[in-house]
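Chemist: input.cif (mmCIF, C-alpha atoms) pasted underneath:
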```
data_input
loop_
_atom_site.label_atom_id
_atom_site.label_comp_id
_atom_site.auth_asym_id
_atom_site.auth_seq_id
_atom_site.Cartn_x
_atom_site.Cartn_y
_atom_site.Cartn_z
CA MET A 1 28.58 -47.75 66.69
CA ARG A 2 31.30 -47.69 64.05
CA TYR A 3 29.82 -50.68 62.10
CA TYR A 4 26.25 -49.48 61.78
CA PHE A 5 26.41 -49.72 57.94
CA ILE A 6 27.22 -53.47 57.91
CA LYS A 7 23.63 -54.50 58.21
CA PRO A 8 22.31 -52.81 55.08
CA VAL A 9 25.38 -53.86 53.09
CA LEU A 10 24.84 -57.47 54.03
CA MET A 11 21.21 -57.18 53.10
CA LEU A 12 22.15 -55.75 49.71
CA LEU A 13 24.68 -58.52 49.06
CA PHE A 14 22.08 -61.06 49.94
CA LEU A 15 19.53 -59.62 47.55
CA LEU A 16 22.14 -59.37 44.81
CA SER A 17 23.23 -62.99 45.13
CA PHE A 18 19.59 -64.08 45.28
CA GLY A 19 18.88 -62.13 42.13
CA LEU A 20 21.91 -63.64 40.37
CA CYS A 21 20.75 -67.12 41.25
CA LEU A 22 17.34 -66.45 39.75
CA ALA A 23 18.62 -64.65 36.66
CA LYS A 24 18.66 -66.45 33.35
CA PRO A 25 22.00 -66.68 31.62
CA PHE A 26 22.37 -64.23 28.71
CA ASP A 27 21.67 -66.07 25.46
CA ILE A 28 24.26 -64.74 23.04
CA GLN A 29 23.08 -67.12 20.32
CA ALA A 30 19.54 -65.80 20.42
CA PHE A 31 20.83 -62.23 20.53
CA ALA A 32 23.04 -62.73 17.52
CA ASP A 33 20.42 -64.62 15.52
CA THR A 34 19.75 -62.38 12.52
CA THR A 35 17.08 -64.62 11.04
CA LYS A 36 14.60 -63.11 13.42
CA TYR A 37 14.91 -59.92 11.29
CA ASN A 38 14.60 -62.02 8.14
CA TRP A 39 18.26 -61.53 7.38
CA GLU A 40 19.49 -64.70 5.85
CA ASP A 41 22.97 -63.44 5.20
CA TYR A 42 25.10 -60.29 5.24
CA ARG A 43 23.56 -59.08 1.93
CA ASP A 44 20.10 -59.00 3.50
CA ARG A 45 21.51 -57.07 6.41
CA ALA A 46 23.20 -54.60 4.05
CA GLU A 47 20.00 -54.20 2.08
CA TYR A 48 18.07 -53.57 5.25
CA ARG A 49 20.62 -51.05 6.41
CA LYS A 50 20.45 -49.27 3.06
CA ASP A 51 16.67 -49.18 3.23
CA LEU A 52 16.77 -47.91 6.80
CA LEU A 53 19.17 -45.13 5.86
CA ALA A 54 17.02 -44.19 2.89
CA ARG A 55 13.97 -43.96 5.08
CA GLN A 56 15.86 -41.91 7.63
CA ASN A 57 16.90 -39.56 4.86
CA ARG A 58 13.33 -39.31 3.63
CA LEU A 59 12.16 -38.58 7.13
CA GLN A 60 14.71 -35.84 7.53
CA LEU A 61 13.69 -34.37 4.19
CA TYR A 62 10.07 -34.61 5.23
CA GLU A 63 10.80 -32.77 8.46
CA LEU A 64 12.65 -30.09 6.53
CA GLU A 65 10.01 -29.59 3.86
CA SER A 66 6.79 -30.30 5.74
CA VAL A 67 4.62 -27.43 6.91
CA GLY A 68 3.97 -27.13 10.64
CA PHE A 69 0.27 -27.38 11.36
CA ASN A 70 0.02 -24.84 14.20
CA ALA A 71 2.31 -22.30 12.56
CA ASN A 72 0.34 -22.56 9.33
CA LEU A 73 -2.96 -22.14 11.14
CA LEU A 74 -1.57 -19.04 12.84
CA LYS A 75 -0.36 -17.66 9.50
CA SER A 76 -3.80 -18.02 7.99
CA ALA A 77 -5.45 -16.56 11.06
CA VAL A 78 -3.23 -13.48 10.78
CA MET A 79 -3.51 -13.13 7.01
CA PRO A 80 -6.06 -15.29 5.20
CA GLY A 81 -4.42 -17.23 2.38
CA TRP A 82 -0.92 -17.11 3.86
CA GLY A 83 -1.17 -20.70 5.05
CA GLN A 84 -2.43 -21.82 1.63
CA PHE A 85 0.54 -20.06 0.01
CA ALA A 86 2.82 -22.05 2.32
CA THR A 87 1.18 -25.29 1.20
CA LYS A 88 1.60 -24.28 -2.46
CA HIS A 89 -2.15 -23.89 -3.04
CA ASN A 90 -1.45 -20.60 -4.74
CA THR A 91 -4.69 -20.16 -6.68
CA LYS A 92 -6.83 -20.87 -3.67
CA ALA A 93 -4.65 -18.61 -1.53
CA THR A 94 -4.93 -15.78 -4.04
CA VAL A 95 -8.70 -16.13 -4.23
CA ILE A 96 -9.07 -16.21 -0.45
CA LEU A 97 -6.73 -13.29 0.10
CA SER A 98 -8.33 -11.21 -2.66
CA MET A 99 -11.84 -11.87 -1.41
CA GLU A 100 -10.82 -11.05 2.14
CA ILE A 101 -9.16 -7.80 1.07
CA VAL A 102 -12.14 -6.80 -1.09
CA SER A 103 -14.57 -7.58 1.74
CA VAL A 104 -12.58 -5.72 4.37
CA VAL A 105 -11.83 -2.72 2.15
CA GLY A 106 -15.49 -2.64 1.05
CA ALA A 107 -16.67 -2.85 4.64
CA ILE A 108 -14.37 0.01 5.63
CA TYR A 109 -15.51 2.09 2.64
CA PHE A 110 -19.21 1.58 3.37
CA HIS A 111 -18.67 2.12 7.07
CA ASP A 112 -16.99 5.41 6.26
CA GLN A 113 -19.87 6.42 3.99
CA ALA A 114 -22.38 5.43 6.65
CA LYS A 115 -20.53 7.40 9.31
CA LYS A 116 -20.35 10.55 7.17
CA ASN A 117 -24.06 10.41 6.43
CA TYR A 118 -24.91 9.48 9.99
CA ASP A 119 -23.06 12.58 11.24
CA LYS A 120 -25.06 14.67 8.76
CA TYR A 121 -28.26 12.95 9.86
CA TYR A 122 -27.50 13.66 13.50
CA ALA A 123 -26.78 17.31 12.80
CA ALA A 124 -29.79 17.80 10.50
CA ASN A 125 -32.74 19.88 11.68
CA GLN A 126 -34.87 19.80 8.56
CA ILE A 127 -37.29 16.92 8.20
CA ASP A 128 -36.36 16.07 4.59
CA ASN A 129 -32.66 16.17 5.41
CA ILE A 130 -33.22 13.98 8.48
CA ASN A 131 -34.99 11.34 6.39
CA ASP A 132 -32.63 11.68 3.46
CA TYR A 133 -29.40 11.38 5.47
CA TRP A 134 -30.84 8.54 7.52
CA GLY A 135 -31.52 6.61 4.32
CA LYS A 136 -28.05 7.41 3.08
CA ALA A 137 -26.49 6.26 6.37
CA GLU A 138 -28.55 3.11 6.83
CA LYS A 139 -27.89 1.53 3.46
CA PRO A 140 -24.08 1.66 3.50
CA HIS A 141 -24.15 0.59 7.14
CA HIS A 142 -26.00 -2.56 6.16
CA TYR A 143 -23.61 -3.12 3.26
CA SER A 144 -20.71 -2.66 5.65
CA LEU A 145 -22.14 -5.23 8.08
CA MET A 146 -22.82 -7.66 5.26
CA LEU A 147 -19.25 -7.32 4.04
CA ILE A 148 -17.91 -7.78 7.59
CA GLY A 149 -20.03 -10.91 7.76
CA LEU A 150 -18.68 -12.07 4.41
CA ALA A 151 -15.12 -11.35 5.55
CA SER A 152 -15.77 -13.41 8.71
CA VAL A 153 -17.15 -16.29 6.67
CA ILE A 154 -14.13 -16.16 4.33
CA TRP A 155 -11.80 -16.00 7.33
CA GLY A 156 -13.53 -18.98 8.93
CA TYR A 157 -13.46 -20.96 5.70
CA ASN A 158 -9.80 -20.03 5.28
CA LEU A 159 -9.01 -21.56 8.69
CA TYR A 160 -10.99 -24.65 7.85
CA ASP A 161 -9.29 -24.91 4.49
CA VAL A 162 -5.78 -24.42 5.85
CA VAL A 163 -6.26 -27.42 8.13
CA ILE A 164 -7.29 -29.55 5.17
CA SER A 165 -4.63 -28.22 2.82
CA THR A 166 -1.82 -28.55 5.38
CA ASN A 167 -2.71 -32.18 6.02
CA GLU A 168 -3.05 -32.79 2.30
CA TYR A 169 0.24 -31.07 1.57
CA ASN A 170 2.11 -33.05 4.19
CA ALA A 171 0.57 -36.31 3.00
CA ASN A 172 1.45 -35.57 -0.62
CA LEU A 173 4.91 -34.41 0.40
CA TRP A 174 5.73 -37.82 1.86
CA LYS A 175 4.58 -39.53 -1.33
CA GLU A 176 6.54 -37.04 -3.40
CA ILE A 177 9.71 -37.60 -1.36
CA VAL A 178 9.36 -41.34 -1.78
CA GLU A 179 8.81 -40.97 -5.54
CA ARG A 180 11.66 -38.51 -5.81
CA GLY A 181 13.93 -40.97 -4.05
CA ASN A 182 12.93 -43.80 -6.32
CA SER A 183 13.09 -42.03 -9.63
CA SER A 184 15.96 -39.60 -9.59
CA PRO A 185 19.56 -40.74 -9.93
CA LEU A 186 20.63 -37.51 -8.30
CA GLN A 187 19.62 -37.44 -4.67
CA ILE A 188 19.63 -34.38 -2.50
CA THR A 189 19.72 -35.62 1.02
CA PRO A 190 20.15 -33.79 4.32
CA SER A 191 23.71 -35.15 4.43
CA GLY A 192 24.62 -34.00 0.93
CA ILE A 193 24.22 -34.77 -2.78
CA GLU A 194 24.22 -38.38 -3.85
CA LEU A 195 24.56 -39.57 -7.46
CA ARG A 196 23.43 -43.07 -8.30
CA PHE A 197 24.69 -45.00 -11.31
CA MET B 1 -18.07 -28.57 7.78
CA THR B 2 -21.71 -27.54 8.30
CA ARG B 3 -21.30 -27.55 12.07
CA LYS B 4 -18.32 -25.24 11.79
CA LEU B 5 -20.15 -22.89 9.48
CA ILE B 6 -23.26 -22.56 11.67
CA PRO B 7 -21.63 -20.35 14.36
CA ILE B 8 -20.06 -18.18 11.65
CA ILE B 9 -23.42 -17.72 9.93
CA LEU B 10 -25.06 -16.94 13.28
CA ILE B 11 -22.43 -14.31 14.05
CA THR B 12 -22.96 -12.83 10.59
CA LEU B 13 -26.71 -12.65 11.10
CA ALA B 14 -26.25 -11.12 14.56
CA LEU B 15 -23.94 -8.50 13.07
CA SER B 16 -26.40 -7.78 10.28
CA ALA B 17 -29.18 -7.35 12.79
CA CYS B 18 -27.27 -4.59 14.56
CA GLY B 19 -28.01 -1.23 13.07
CA ILE B 20 -27.11 2.34 13.71
CA LYS B 21 -29.66 4.03 15.89
CA ARG B 22 -32.03 6.66 14.59
CA ASP B 23 -31.22 8.91 17.50
CA ASN B 24 -31.35 12.46 16.21
CA PRO B 25 -33.27 14.27 18.99
CA LEU B 26 -35.32 16.08 16.33
CA ASP B 27 -36.21 12.89 14.48
CA PRO B 28 -39.92 12.10 14.96
CA TYR B 29 -39.09 8.37 14.56
CA HIS B 30 -36.80 8.61 17.56
CA ASN B 31 -38.70 11.09 19.72
CA SER B 32 -42.47 10.75 19.81
CA GLU B 33 -42.83 14.28 21.20
CA ILE B 34 -41.53 15.77 17.98
CA ILE B 35 -44.21 17.12 15.66
CA VAL B 36 -43.29 17.73 12.05
CA PRO B 37 -44.12 21.32 11.01
CA GLY B 38 -46.88 21.55 8.42
CA ASP B 39 -46.25 22.33 4.75
CA VAL B 40 -46.58 25.92 3.58
CA THR B 41 -49.31 26.30 0.96
CA GLY B 42 -50.95 29.04 -1.04
CA LEU B 43 -47.89 31.24 -1.37
CA GLN B 44 -48.67 34.48 -3.20
CA SER B 45 -46.57 37.58 -3.78
CA THR B 46 -47.14 41.19 -4.73
CA VAL B 47 -44.33 43.42 -5.89
CA LEU B 48 -44.80 46.96 -4.71
CA GLY B 49 -42.80 50.04 -5.58
CA SER B 50 -41.51 48.54 -8.80
CA GLY B 51 -39.39 51.14 -10.56
CA SER B 52 -38.95 53.10 -7.35
CA PRO B 53 -35.60 53.14 -5.53
CA THR B 54 -37.12 51.12 -2.64
CA PRO B 55 -39.11 48.23 -4.04
CA TYR B 56 -40.53 45.61 -1.73
CA ILE B 57 -42.36 42.33 -2.04
CA LEU B 58 -45.36 41.33 0.02
CA PHE B 59 -45.71 37.59 0.55
CA GLU B 60 -48.85 35.93 1.84
CA TRP B 61 -49.59 32.27 2.47
CA ASN B 62 -52.09 30.07 4.23
CA SER B 63 -51.69 29.98 7.95
CA ASN B 64 -50.39 26.76 9.46
CA ASN B 65 -51.77 25.24 12.64
CA ALA B 66 -50.05 26.71 15.70
CA TYR B 67 -49.86 23.15 17.03
CA ASN B 68 -47.15 22.34 14.54
CA THR B 69 -45.72 25.77 13.65
CA ASP B 70 -43.91 28.46 15.62
CA GLY B 71 -42.57 30.43 12.66
CA TYR B 72 -41.40 30.43 9.06
CA TYR B 73 -38.14 30.58 7.15
CA ILE B 74 -38.07 32.76 4.03
CA TYR B 75 -35.65 31.49 1.37
CA ARG B 76 -34.54 33.15 -1.82
CA SER B 77 -32.56 32.04 -4.86
CA LEU B 78 -31.58 33.41 -8.26
CA GLY B 79 -32.68 30.26 -10.06
CA TYR B 80 -35.30 27.56 -9.63
CA TYR B 81 -32.73 24.83 -9.02
CA SER B 82 -30.05 27.03 -7.48
CA ALA B 83 -29.16 27.04 -3.81
CA TYR B 84 -31.66 28.85 -1.61
CA ALA B 85 -30.47 31.10 1.19
CA VAL B 86 -32.45 32.17 4.22
CA VAL B 87 -33.29 35.85 3.95
CA ASP B 88 -35.41 36.11 7.08
CA THR B 89 -37.49 34.34 9.68
CA VAL B 90 -41.05 35.24 10.62
CA LEU B 91 -42.96 34.32 13.75
CA HIS B 92 -46.28 32.59 13.31
CA ILE B 93 -49.24 34.77 14.23
CA PRO B 94 -51.99 32.57 15.65
CA GLY B 95 -55.60 33.25 14.75
CA GLU B 96 -54.83 34.70 11.32
CA SER B 97 -56.00 32.92 8.22
CA LEU B 98 -53.07 34.29 6.21
CA GLN B 99 -49.48 34.85 7.28
CA SER B 100 -47.48 37.59 5.62
CA TYR B 101 -43.95 38.87 5.16
CA VAL B 102 -42.51 41.92 3.46
CA HIS B 103 -39.12 41.63 1.87
CA SER B 104 -38.05 45.22 1.51
CA SER B 105 -35.07 46.98 0.06
CA ALA B 106 -35.18 49.18 3.12
CA ASN B 107 -33.97 46.21 5.20
CA ASP B 108 -32.19 44.23 2.51
CA PRO B 109 -30.30 46.15 -0.20
CA SER B 110 -30.27 43.03 -2.38
CA VAL B 111 -33.96 43.52 -3.06
CA GLY B 112 -33.84 45.24 -6.42
CA PRO B 113 -34.72 44.77 -10.06
CA GLY B 114 -34.33 41.16 -11.22
CA ASP B 115 -35.79 37.68 -11.18
CA PHE B 116 -35.94 35.73 -7.93
CA TRP B 117 -37.30 32.47 -6.60
CA TYR B 118 -38.72 32.28 -3.08
CA ARG B 119 -39.60 29.36 -0.88
CA ILE B 120 -41.07 29.35 2.60
CA SER B 121 -40.89 26.59 5.20
CA ALA B 122 -42.41 26.33 8.65
CA TYR B 123 -40.50 25.50 11.82
CA LYS B 124 -41.32 24.34 15.29
CA ASP B 125 -39.21 24.85 18.41
CA PHE B 126 -38.58 21.97 20.80
CA SER B 127 -36.33 21.58 23.83
CA ALA B 128 -33.97 19.57 21.62
CA GLY B 129 -33.80 22.33 19.02
CA ARG B 130 -35.67 23.75 16.08
CA LEU B 131 -37.16 21.42 13.48
CA GLU B 132 -37.84 22.75 10.03
CA GLY B 133 -40.57 21.36 7.82
CA ARG B 134 -40.72 20.92 4.06
CA PRO B 135 -40.25 24.07 2.00
CA SER B 136 -42.97 25.24 -0.35
CA THR B 137 -42.58 24.90 -4.09
CA PRO B 138 -40.43 27.73 -5.50
CA HIS B 139 -42.36 30.92 -6.21
CA PHE B 140 -41.20 33.24 -8.97
CA VAL B 141 -40.93 36.98 -8.35
CA ARG B 142 -39.84 39.60 -10.87
CA ILE B 143 -38.96 43.14 -9.82
CA SER B 144 -38.98 45.48 -12.78
CA GLY B 145 -36.38 48.19 -13.20
CA GLN B 146 -37.04 51.89 -13.67
#
```
Represent the structure of the file as structure tokens.

Modeler:
Amino acid sequence: MRYYFIKPVLMLLFLLSFGLCLAKPFDIQAFADTTKYNWEDYRDRAEYRKDLLARQNRLQLYELESVGFNANLLKSAVMPGWGQFATKHNTKATVILSMEIVSVVGAIYFHDQAKKNYDKYYAANQIDNINDYWGKAEKPHHYSLMLIGLASVIWGYNLYDVVISTNEYNANLWKEIVERGNSSPLQITPSGIELRF
Amino acid sequence: MTRKLIPIILITLALSACGIKRDNPLDPYHNSEIIVPGDVTGLQSTVLGSGSPTPYILFEWNSNNAYNTDGYYIYRSLGYYSAYAVVDTVLHIPGESLQSYVHSSANDPSVGPGDFWYRISAYKDFSAGRLEGRPSTPHFVRISGQ
């Protein structure tokens, strides 16, 4: 009763020794062979290390400066043009935002006009007034609906555009970071400022 | 791009198709039971008692059809294009070829020497309210002083 654990321990030892017998010996030579990375000597390895660090730096910069896709989409959904501002497409953003504001303000204005005239139409009890106020209510109501439609189209286009411009911005950003890294002697990296001679 | 725009365009068209409803209960386009009161024609006036302290004006006009008229509004203004105010209402008398109204200084102290413009419109009562027809063209009346 006291030695009930012996059986599984023996089984484990057996499996372990069996596994060791089958295992290949660790090839330290193959592990240490740097030619498989195309490193002929220590200078190649240093060069590779330098390149790797540079790429890591670029990646960190990219992560810092890139615009998040979902957040940008949300920005543009809340306020058309906001996402385009974030991706530095300022002209496009201004046009979209202005058009959206004009459409929405226009729609509100015409809706207000339509409502005022509709209230007068509803209260009218003279045939000319009924027809007159109806005409005055119907026209701005249609204008209001058209402007709401236009605002919806602009909003939809703005969402479509922010997807394109965010992808474009992020793609260009990577190129720009690479170019920046290659051209400038003064490097601003996530770890600090680096001056190359 | 086109596929994305199609639903937006459809929504826009659906929105544009929606309109406010022409639902005034007195609007004949909304309620087929509503009959528009007929136009008032042949308005004539006679000023009586000119120069006396109690002048009055007798108005006469062609009788409307009782089918579309229950009575008339009498409007007056100080100018052709000025605002017209209701001075009285008159019930339509069926079977008469001419309807008449007397605007007297005995009832209305504002009837006195001066130039006035009168218009008359017919009305018809419905369960939803009273619908007024088109007013007649303004009719000039001059009451001479003493």

Chemist: Identify all chain A residues at most 6 Å from chain B by counting only C-alpha atoms; ligands do not count. Present them as a list of chain:residue names.

Modeler: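 Going by the stated atoms only, the list reads A:Tyr122, A:Asn125, A:Gln126, A:Ile127, A:Leu145, A:Gly149.
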
Chemist: Rounded to one decimal in Å, what is the spacing between atom CA of Asp119 of chain A and atom CA of Tyr75 of chain B?

Modeler: 24.8 Å

Chemist: Which residues, named as in the file, does the PyMOL selection byres ((chain A and resi 116) around 12) pick out? Answer as a list in words.

Modeler: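 Output from the PyMOL selection byres ((chain A and resi 116) around 12), applied to this file: Tyr109, Phe110, His111, Asp112, Gln113, Ala114, Lys115, Asn117, Tyr118, Asp119, Lys120, Tyr121, Tyr122, Ala123, Tyr133, Trp134, Lys136, Ala137, Glu138, Pro140 and His141 of chain A.
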
Chemist: Could you jot down the atom CA of Phe69 of chain A to atom CA of His89 of chain A separation for me, Å, one decimal place?

Modeler: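 Atom-to-atom, atom CA of Phe69 of chain A and atom CA of His89 of chain A are spaced 15.0 Å apart.
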
Chemist: Selection in question (the file shown): the PyMOL selection byres ((chain A and resi 96) around 7). Which residues does it include, as a ChimeraX atom specification?

Modeler: /A:80-81,92-95,97-100,154,158

Chemist: Record the distance separating atom CA of Pro138 of chain B and atom CA of Tyr80 of chain B, expressed in Å with one decimal.

Modeler: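 Taking atom CA of Pro138 of chain B as the start and atom CA of Tyr80 of chain B as the end point, the length is 6.6 Å.
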
Chemist: Which one of A:Gln84, A:Ile148, A:Met79, A:Asn70 sits closest to Ala107 of chain A if you count all atoms listed in the file?

Modeler: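 Distance minimum relative to Ala107 of chain A lands on A:Ile148.
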
Chemist: Run the PyMOL selection byres ((chain B and resi 56-61) around 7) mentally over the shown coordinates, then write out the matched residues as an NGL selection string, using the chain letters and numbers from the document.

Modeler: :B and (41-49 or 54-55 or 62-63 or 98-105)

Chemist: Which polymer residues have any atom within 12 Å of an atom of Tyr81 of chain B, counting all atoms listed in the file, with same-chain residues fewer than 5 positions away left out, as a VMD selection string?

Modeler: chain B and resid 76 116 to 119 137 to 140
